[in-house]
Every structure is written in structure tokens, then in C-alpha cells.
Amino acid sequence: MALAVGVFLATLVLVIWQPRGLKIGTTAVAGALVALALGVVSFADVITVTSIVWDATLAFIGIILLSMVLDEIGFFEWAALKMARLSGGNGHLMFVYILILGALVAAFFANDGAALILTPIVLAKMKYLKLKPLSMFAFLMAGGFIGDSASNPLVISNLTNIVTAGYFQIGFWEYAKMMFLPNLLSIIASIGVLWIYFRKDIPKHIDISQLSSPESAIKNMTMFRLSWWFLGLLMVGYFIGDAYHLPISVFALGGALVFLSIATYFKATKPIMTIKAAPWQVVWFSIGLYVVVYGLKNGGLTTYLAQVITQLQSMGNVYAVIGTGFLSAILSSVMNNMPTIMIMDIAIADAGNIALAYANIIGCNLGPKMTPIGSLATLLWLHVLAQKGVKIGWGEYMKVGLVITPPVLLVALIGLL
């Protein structure tokens, strides 16, 4: 167990620190190789882990690829400008509308898509509107928070969702029905808590007269119009795939490649550059880190967690759901939600209560917002902001995250009861 923990901590530190630009995928694979060499995991474990995460990882790549093509078309900038215009210059309305936009992007394009694509657009608009630093901080923190807190509704909304749905063989429609109310409550609670926390920093009026029209953001009108139809058909495809028990990556990655081909035909994108820019490191990151985490399972961590979950179940459903959700949240905040989701999935399976998988997802999606290291989406969000010259310190981040996350998490978990 001590050896497994040592390999895991060393890998996680390097993933977060990224010395000399070391890529997260490279670090995770190196950690997996060390775990294999030291006997923490076996080659059979590597095969098992790959069988668990391959569909989720390829689906995630597909979702991000689709998002990147839509971004090149101007789809997300159009949406951001539309929301800003709809506010009529009312700062508080704009705050709420940006959160609603973030929730929609997270639902259909994953929380990482929101971090990678929507964040720089919102930041650019905030700078253009000449908001004060405190106001800009409020909008950016809120946008970063909603990306995770609203990433529960669909299997495709978060990599953690895809992994868990695949592990427990939860169908697309079954998942969506179960998560509708918790996600709705999470969005409402997020907007309410974020507004209360930042209300004094939100300007009453914002001059939007200098903003360009939403239509001016569209770089290819033909592809823009086609994208709405394509997204609708893709959603239908997910449900068809569910009915025939097809891997979700068939439609997520397959659909993205078809859309990329269409965009190439209409000269709306450069396919080679788009494919090269896709986050392929996430593939190696997912497989490598999960192999390392499997070492913790072999060391007995999941057995211990299963005992905790069994104890919570003996106290009743309310304790089991809320206890499991907060346990996942705390673990995610200190050791990242990617390893947490797998460890907790295995523990829940051992405890024999698959229904708690939903509480685990909510905990792993919301809990990471308490610390900057909690999720890949937050790390990406901070990286994007740093590239744009905006640096948010750990203390500054946690002062907000530790206050606003617990009440939103509690409300979301109540939706499962």
C-alpha cells in the first residue's frame, strides 16, 4: 500500500507541477510504467484498466474535437455575444446569462470544453467591456465553477460520467432521467450561491454598445446553420446507440470526424491543424493515471472505502447518498477527481449498491471546485487564464471554492433522494 501511495503521489505532483513543460500524459504513462516495474500493478491490470477507460477517453476526444470545429466556425463566440446582448447592459442579468451559457456548454460539450473554449471568449469580452479587476474575477470564477457544477446531466457532459456509465453499464437515457433533477438543482443553487457571493462585485450596468453583433462572430454561415441540425442528429444518435448498446465513442468520436469532414468540405477548418491541436495527451493521461490508481486498489484502498460505504448504507439511504457524495468530493479535492471516480466506482461495486454511482459522480464533479487541483477542467481553466495573463493564486481560489462548493453539492445530492 505504501509503495502504491508513493507512486500515485509522485505521479500526481508531476501532473500538477508539470516541470519544464512535462505533458500530463507523459507523466501519467511514466507513473504507470514505474508502478508496473515495481509490481504495484500487473500487465493484466493494465489490460483491465484499458478496457474500462478506452470508450470514455475516445468519446472525450470526440467531444473536444467537435467543440474545436464549432469554435472555429464562431459558434461559441456568437453564443457569448448573444447572451451579452440579451442582458441589455444589466450586469446582474449578464452574470446569470453567462452562467446559463456555461451550463449549456458543459452539458453538451463537457466541462473541459467549457474550460478550453468558453473561458478565453468570456475573458476577451470582459476585457473589451473594460470591467474592473474584481468584476472580471467574479465572472471568471463563476464561469469556471459552473463548468463543473453543471456537468452532470448527460453521460457526455464529463469524462467522469462516461467512465462510470461504462463501468456500471448505465444507458444514456437511464442516466439522463436519473440526473435531470440533481443537475437542475445544481444549476439553480450554483447561480444563487455565486450571485450572493459576488453580488457586490458585479456592476449594475455594463456598456454593451461597443460590442459587435453576434452575427459578426460567424465565420462560415453555411456550417453555422448546418451545425444546429448536426448537433440535433448527434443527440438522436446517442439515444439510438443506447438502444443497441453501442459504445458512446462510436457517436462522439465518429460524429466529430464526420463534422470535421463536412467543415473541411466547406473550407471552414484546416483538418490537420485541428486534429493536431486536439488534447491527445488526455488519452495517455487517462490510461496512465488509472493504471497508477489501480495500484491503490491492489493495496486495499477500495476495500477500506467499500467498508465505509457499507457503514453509511446501514444508517439509511439519506446518509448513504449524502455521505458517499461528500466522501467523493473530499477525495476529489485532494487527489483529483479522475483517480477518485475509479477508486470510488470499484468501492461502490464491492459494496453492492450501484445506485450510489450517481452520488459518486456528483461528488466527483462538484467536489473538485474546492481546490485548484481537483479536476482536469480546473487545471485547464487556470492554464488558459495564465496564458492570457490572468493568474489566480491557490489561496485566492480556495477562499471562494471552499465556501460555495459545499452548499451546492448538498442541494444537488438532495435531488437523488
# chains A, B, ... in the order shown; residues from 1 in each chain; ligands from 1

$ residues_around --residues "range 299-316 of chain A" --least-positions-apart "4" --cutoff "10 Å" --atoms "only C-alpha atoms" --output "list in words"
Met1, Ala2, Leu3, Ala4, Val5, Val40, Val41, Val293, Tyr294, Gly295, Ala320, Val321, Ile322, Gly323, Thr324, Leu327, Met342, Ile343, Met344, Asp345, Ile346, Ala347, Ile348, Ala349, Asp350, Ala351, Gly352, Asn353 and Leu356 of chain A

$ write_last_selection --atoms "C-alpha atoms" --output "CSV table (one decimal), in the first residue's frame"
chain,number,residue,atom,x,y,z
A,1,MET,CA,0.0,0.0,0.0
A,2,ALA,CA,2.8,2.4,0.9
A,3,LEU,CA,4.5,1.8,-2.4
A,4,ALA,CA,1.3,2.3,-4.3
A,5,VAL,CA,0.6,5.6,-2.5
A,40,VAL,CA,2.3,-2.4,-7.8
A,41,VAL,CA,0.2,-3.4,-10.8
A,293,VAL,CA,-4.7,4.3,-9.3
A,294,TYR,CA,-5.4,0.6,-9.8
A,295,GLY,CA,-2.3,0.1,-7.7
A,320,ALA,CA,-25.6,6.7,2.1
A,321,VAL,CA,-26.3,9.2,-0.7
A,322,ILE,CA,-25.0,12.4,1.0
A,323,GLY,CA,-22.2,10.6,2.7
A,324,THR,CA,-20.9,9.0,-0.5
A,327,LEU,CA,-16.7,11.4,0.5
A,342,MET,CA,-12.4,4.9,-10.5
A,343,ILE,CA,-11.5,4.2,-6.9
A,344,MET,CA,-15.0,5.0,-5.7
A,345,ASP,CA,-16.6,3.1,-8.6
A,346,ILE,CA,-14.8,0.0,-7.6
A,347,ALA,CA,-15.6,0.5,-3.9
A,348,ILE,CA,-19.3,1.1,-4.7
A,349,ALA,CA,-19.4,-2.1,-6.8
A,350,ASP,CA,-17.8,-4.0,-3.9
A,351,ALA,CA,-20.4,-2.5,-1.5
A,352,GLY,CA,-23.1,-3.8,-3.8
A,353,ASN,CA,-25.2,-0.6,-4.2
A,356,LEU,CA,-24.7,5.3,-5.2

$ residues_around --residues "Ile196 in chain A" --least-positions-apart "2" --cutoff "12 Å" --atoms "only C-alpha atoms" --output "ChimeraX atom specification"
/A:92,95-96,138,142,189-194,198-202,400,403-404

$ write_last_selection --atoms "C-alpha atoms" --output "PDB file, in the first residue's frame"
ATOM      1  CA  HIS A  92     -26.529  41.060 -12.878  1.00  0.00           C
ATOM      2  CA  PHE A  95     -23.786  37.368 -14.858  1.00  0.00           C
ATOM      3  CA  VAL A  96     -26.736  34.954 -14.787  1.00  0.00           C
ATOM      4  CA  ALA A 138     -16.320  37.382 -10.324  1.00  0.00           C
ATOM      5  CA  ALA A 142     -18.360  31.886 -11.732  1.00  0.00           C
ATOM      6  CA  ALA A 189     -28.017  26.506  -6.473  1.00  0.00           C
ATOM      7  CA  SER A 190     -24.814  27.468  -8.325  1.00  0.00           C
ATOM      8  CA  ILE A 191     -26.369  30.610  -9.770  1.00  0.00           C
ATOM      9  CA  GLY A 192     -27.871  31.545  -6.400  1.00  0.00           C
ATOM     10  CA  VAL A 193     -24.754  30.937  -4.306  1.00  0.00           C
ATOM     11  CA  LEU A 194     -22.402  32.547  -6.843  1.00  0.00           C
ATOM     12  CA  PHE A 198     -20.140  38.024  -5.847  1.00  0.00           C
ATOM     13  CA  ARG A 199     -23.147  40.403  -5.907  1.00  0.00           C
ATOM     14  CA  LYS A 200     -21.146  43.383  -4.601  1.00  0.00           C
ATOM     15  CA  ASP A 201     -18.517  42.945  -7.324  1.00  0.00           C
ATOM     16  CA  ILE A 202     -20.982  42.731 -10.221  1.00  0.00           C
ATOM     17  CA  VAL A 400     -14.100  31.062  -2.960  1.00  0.00           C
ATOM     18  CA  VAL A 403     -17.332  28.484   0.623  1.00  0.00           C
ATOM     19  CA  ILE A 404     -19.531  27.984  -2.433  1.00  0.00           C
TER      20      ILE A 404
END

$ residues_around --residues "Leu159 in chain A" --least-positions-apart "4" --cutoff "9 Å" --atoms "only C-alpha atoms" --output "list in words"
Ala56, Thr57, Ala59, Phe60, Ala110, Asn111, Asp112, Val155, Val163, Thr164 and Met338 of chain A

$ write_last_selection --atoms "C-alpha atoms" --output "compact mmCIF listing (two decimals), in the first residue's frame"
# COMPACT_ATOMS: atom_id res chain seq x y z
CA ALA A 56 -14.64 7.17 -22.26
CA THR A 57 -11.31 8.54 -23.46
CA ALA A 59 -15.55 9.79 -26.58
CA PHE A 60 -13.94 12.69 -24.72
CA ALA A 110 -18.22 18.60 -21.50
CA ASN A 111 -16.76 20.65 -18.69
CA ASP A 112 -13.32 20.56 -20.29
CA VAL A 155 -23.18 10.86 -19.99
CA VAL A 163 -16.24 6.24 -17.13
CA THR A 164 -18.91 5.48 -14.51
CA MET A 338 -10.01 11.34 -12.23

$ residues_around --residues "Thr119 in chain A" --least-positions-apart "4" --cutoff "9 Å" --atoms "only C-alpha atoms" --output "VMD selection string"
chain A and resid 114 to 115 123 to 124 140 143 to 144 381 384 to 385

$ closest_residue --among "A:Gly89, A:Gly171, A:Gly363, A:Pro214" --to "Thr405 in chain A" --atoms "only C-alpha atoms"
A:Gly363

$ select_by_dssp --residues "range 189-367 of chain A" --states "helix (DSSP H, G or I)" --output "VMD selection string"
chain A and resid 189 to 201 214 to 217 221 to 243 248 to 265 271 to 277 281 to 298 301 to 314 317 to 335 337 to 351 354 to 367

$ residues_around --residues "Met68 in chain A" --least-positions-apart "2" --cutoff "12 Å" --atoms "only C-alpha atoms" --output "MDAnalysis selection string"
chainID A and resid 61:66 70:76 109 112:114 116:118 256:257 259:260 263 268:271 273:279

$ write_last_selection --atoms "C-alpha atoms" --output "PDB file, in the first residue's frame"
ATOM      1  CA  ILE A  61     -11.542  13.326 -27.613  1.00  0.00           C
ATOM      2  CA  GLY A  62     -14.524  13.332 -29.984  1.00  0.00           C
ATOM      3  CA  ILE A  63     -16.431  15.861 -27.867  1.00  0.00           C
ATOM      4  CA  ILE A  64     -13.421  18.184 -27.708  1.00  0.00           C
ATOM      5  CA  LEU A  65     -12.789  17.827 -31.467  1.00  0.00           C
ATOM      6  CA  LEU A  66     -16.402  18.752 -32.170  1.00  0.00           C
ATOM      7  CA  LEU A  70     -17.596  24.729 -33.680  1.00  0.00           C
ATOM      8  CA  ASP A  71     -15.242  27.256 -32.122  1.00  0.00           C
ATOM      9  CA  GLU A  72     -13.500  27.794 -35.479  1.00  0.00           C
ATOM     10  CA  ILE A  73     -16.897  28.441 -37.061  1.00  0.00           C
ATOM     11  CA  GLY A  74     -17.610  31.091 -34.419  1.00  0.00           C
ATOM     12  CA  PHE A  75     -20.416  29.161 -32.740  1.00  0.00           C
ATOM     13  CA  PHE A  76     -19.411  29.836 -29.128  1.00  0.00           C
ATOM     14  CA  PHE A 109     -19.569  19.735 -24.889  1.00  0.00           C
ATOM     15  CA  ASP A 112     -13.318  20.563 -20.292  1.00  0.00           C
ATOM     16  CA  GLY A 113     -14.796  22.029 -23.474  1.00  0.00           C
ATOM     17  CA  ALA A 114     -16.190  24.894 -21.417  1.00  0.00           C
ATOM     18  CA  LEU A 116     -10.807  25.314 -23.062  1.00  0.00           C
ATOM     19  CA  ILE A 117     -13.131  27.226 -25.364  1.00  0.00           C
ATOM     20  CA  LEU A 118     -15.625  29.373 -23.469  1.00  0.00           C
ATOM     21  CA  ALA A 256     -16.819  14.606 -34.583  1.00  0.00           C
ATOM     22  CA  LEU A 257     -14.844  13.153 -37.507  1.00  0.00           C
ATOM     23  CA  PHE A 259     -18.434  17.010 -38.732  1.00  0.00           C
ATOM     24  CA  LEU A 260     -14.754  17.765 -39.271  1.00  0.00           C
ATOM     25  CA  ALA A 263     -16.290  21.557 -42.209  1.00  0.00           C
ATOM     26  CA  ALA A 268     -14.407  26.185 -42.535  1.00  0.00           C
ATOM     27  CA  THR A 269     -11.421  24.489 -40.903  1.00  0.00           C
ATOM     28  CA  LYS A 270      -7.976  23.063 -41.539  1.00  0.00           C
ATOM     29  CA  PRO A 271      -8.354  19.384 -40.533  1.00  0.00           C
ATOM     30  CA  MET A 273      -4.242  21.543 -37.604  1.00  0.00           C
ATOM     31  CA  THR A 274      -7.489  20.777 -35.765  1.00  0.00           C
ATOM     32  CA  ILE A 275      -6.575  17.118 -35.230  1.00  0.00           C
ATOM     33  CA  LYS A 276      -3.054  18.046 -34.107  1.00  0.00           C
ATOM     34  CA  ALA A 277      -4.458  20.604 -31.663  1.00  0.00           C
ATOM     35  CA  ALA A 278      -6.809  18.066 -30.064  1.00  0.00           C
ATOM     36  CA  PRO A 279      -5.833  17.107 -26.483  1.00  0.00           C
TER      37      PRO A 279
END

$ residues_around --residues "Met370 in chain A" --least-positions-apart "4" --cutoff "7 Å" --atoms "only C-alpha atoms" --output "short mmCIF file (atom, residue, chain, number, x, y, z; two decimals) with N, CA and C atoms, in the first residue's frame"
data_model
loop_
_atom_site.label_atom_id
_atom_site.label_comp_id
_atom_site.auth_asym_id
_atom_site.auth_seq_id
_atom_site.Cartn_x
_atom_site.Cartn_y
_atom_site.Cartn_z
N SER A 333 -11.08 16.60 -4.17
CA SER A 333 -10.45 17.91 -3.93
C SER A 333 -8.97 17.78 -3.56
N MET A 398 -9.18 29.05 -3.39
CA MET A 398 -9.81 28.23 -2.35
C MET A 398 -10.70 29.04 -1.41
N GLY A 401 -13.77 28.70 -3.47
CA GLY A 401 -14.20 27.32 -3.68
C GLY A 401 -14.70 26.62 -2.43
N LEU A 402 -14.02 26.82 -1.31
CA LEU A 402 -14.40 26.14 -0.07
C LEU A 402 -15.71 26.67 0.50
N THR A 405 -18.80 25.65 -2.72
CA THR A 405 -19.00 24.27 -3.17
C THR A 405 -19.90 23.43 -2.26
#

$ closest_residue --among "A:Leu417, A:Ala357, A:Val258, A:Ile208" --to "Tyr128 in chain A" --atoms "only C-alpha atoms"
A:Ile208

$ residues_around --residues "range 247-250 of chain A" --least-positions-apart "2" --cutoff "7 Å" --atoms "only C-alpha atoms" --output "list of chain:residue names"
A:Asp55, A:Ala56, A:Leu58, A:Ala59, A:Tyr238, A:Gly241, A:His245, A:Ala252, A:Leu253, A:Gly254

$ write_last_selection --atoms "C-alpha atoms" --output "mmCIF file, in the first residue's frame"
data_model
loop_
_atom_site.group_PDB
_atom_site.id
_atom_site.type_symbol
_atom_site.label_atom_id
_atom_site.label_comp_id
_atom_site.auth_asym_id
_atom_site.auth_seq_id
_atom_site.Cartn_x
_atom_site.Cartn_y
_atom_site.Cartn_z
ATOM 1 C CA ASP A 55 -14.509 4.205 -24.653
ATOM 2 C CA ALA A 56 -14.644 7.168 -22.263
ATOM 3 C CA LEU A 58 -12.107 8.280 -27.187
ATOM 4 C CA ALA A 59 -15.555 9.791 -26.577
ATOM 5 C CA TYR A 238 -26.655 8.856 -28.705
ATOM 6 C CA GLY A 241 -26.645 3.872 -29.652
ATOM 7 C CA HIS A 245 -25.817 -0.931 -26.546
ATOM 8 C CA ALA A 252 -18.975 11.040 -30.035
ATOM 9 C CA LEU A 253 -15.720 10.463 -31.931
ATOM 10 C CA GLY A 254 -17.362 9.205 -35.122
#

$ closest_atom_pairs --of "range 347-414 of chain A" --to "range 178-188 of chain A" --cutoff "9 Å" --atoms "only C-alpha atoms" --output "tab-separated table"
residue	atom	partner	partner_atom	distance
A:Tyr358	CA	A:Met179	CA	7.7
A:Ile362	CA	A:Pro182	CA	8.4
A:Val408	CA	A:Ser186	CA	5.9
A:Leu409	CA	A:Ser186	CA	7.2
A:Leu410	CA	A:Ser186	CA	8.9
A:Val411	CA	A:Leu185	CA	6.4
A:Ala412	CA	A:Pro182	CA	4.6
A:Leu413	CA	A:Pro182	CA	6.4
A:Ile414	CA	A:Pro182	CA	7.2

$ atom_distance --atom1 "CA of Ser261 in chain A" --atom2 "CA of Ser213 in chain A"
28.5 Å

$ closest_residue --among "A:Ile47, A:Leu379, A:Val105, A:Met136" --to "Gln18 in chain A" --atoms "only C-alpha atoms"
A:Leu379

$ decode --residues "range 133-190 of chain A" --atoms "C-alpha atoms" --output "compact mmCIF listing (two decimals), in the first residue's frame"
# COMPACT_ATOMS: atom_id res chain seq x y z
CA PRO A 133 -10.47 43.54 -11.85
CA LEU A 134 -12.89 42.46 -9.09
CA SER A 135 -15.79 42.28 -11.55
CA MET A 136 -13.70 40.31 -14.03
CA PHE A 137 -12.65 37.93 -11.23
CA ALA A 138 -16.32 37.38 -10.32
CA PHE A 139 -17.31 36.50 -13.90
CA LEU A 140 -14.29 34.24 -14.44
CA MET A 141 -14.65 32.35 -11.14
CA ALA A 142 -18.36 31.89 -11.73
CA GLY A 143 -17.75 30.66 -15.28
CA GLY A 144 -15.12 28.21 -14.08
CA PHE A 145 -17.40 26.90 -11.32
CA ILE A 146 -20.47 26.32 -13.47
CA GLY A 147 -18.44 24.29 -15.96
CA ASP A 148 -18.09 21.52 -13.36
CA SER A 149 -21.25 22.02 -11.29
CA ALA A 150 -23.44 21.73 -14.41
CA SER A 151 -21.57 18.78 -15.93
CA ASN A 152 -23.93 16.13 -14.56
CA PRO A 153 -26.94 15.92 -16.93
CA LEU A 154 -25.70 13.66 -19.73
CA VAL A 155 -23.18 10.86 -19.99
CA ILE A 156 -21.14 13.04 -22.38
CA SER A 157 -21.03 16.04 -20.01
CA ASN A 158 -17.93 14.89 -18.13
CA LEU A 159 -15.24 12.25 -18.52
CA THR A 160 -16.16 11.00 -15.03
CA ASN A 161 -19.74 10.42 -16.21
CA ILE A 162 -18.59 8.39 -19.22
CA VAL A 163 -16.24 6.24 -17.13
CA THR A 164 -18.91 5.48 -14.51
CA ALA A 165 -21.69 4.85 -17.01
CA GLY A 166 -19.41 2.43 -18.85
CA TYR A 167 -18.24 0.72 -15.65
CA PHE A 168 -21.79 0.08 -14.39
CA GLN A 169 -23.32 -0.25 -17.89
CA ILE A 170 -25.74 2.64 -17.33
CA GLY A 171 -27.62 3.58 -20.51
CA PHE A 172 -27.69 7.11 -21.97
CA TRP A 173 -31.42 7.59 -21.35
CA GLU A 174 -31.35 5.90 -17.93
CA TYR A 175 -28.55 8.21 -16.87
CA ALA A 176 -30.26 11.36 -18.21
CA LYS A 177 -33.52 10.58 -16.37
CA MET A 178 -31.74 9.99 -13.08
CA MET A 179 -29.58 13.11 -13.30
CA PHE A 180 -32.17 15.61 -14.58
CA LEU A 181 -33.35 16.87 -11.19
CA PRO A 182 -29.94 16.82 -9.44
CA ASN A 183 -28.39 18.79 -12.32
CA LEU A 184 -31.26 21.29 -12.41
CA LEU A 185 -30.92 21.84 -8.66
CA SER A 186 -27.15 22.13 -9.03
CA ILE A 187 -27.50 24.87 -11.68
CA ILE A 188 -30.08 26.81 -9.66
CA ALA A 189 -28.02 26.51 -6.47
CA SER A 190 -24.81 27.47 -8.32
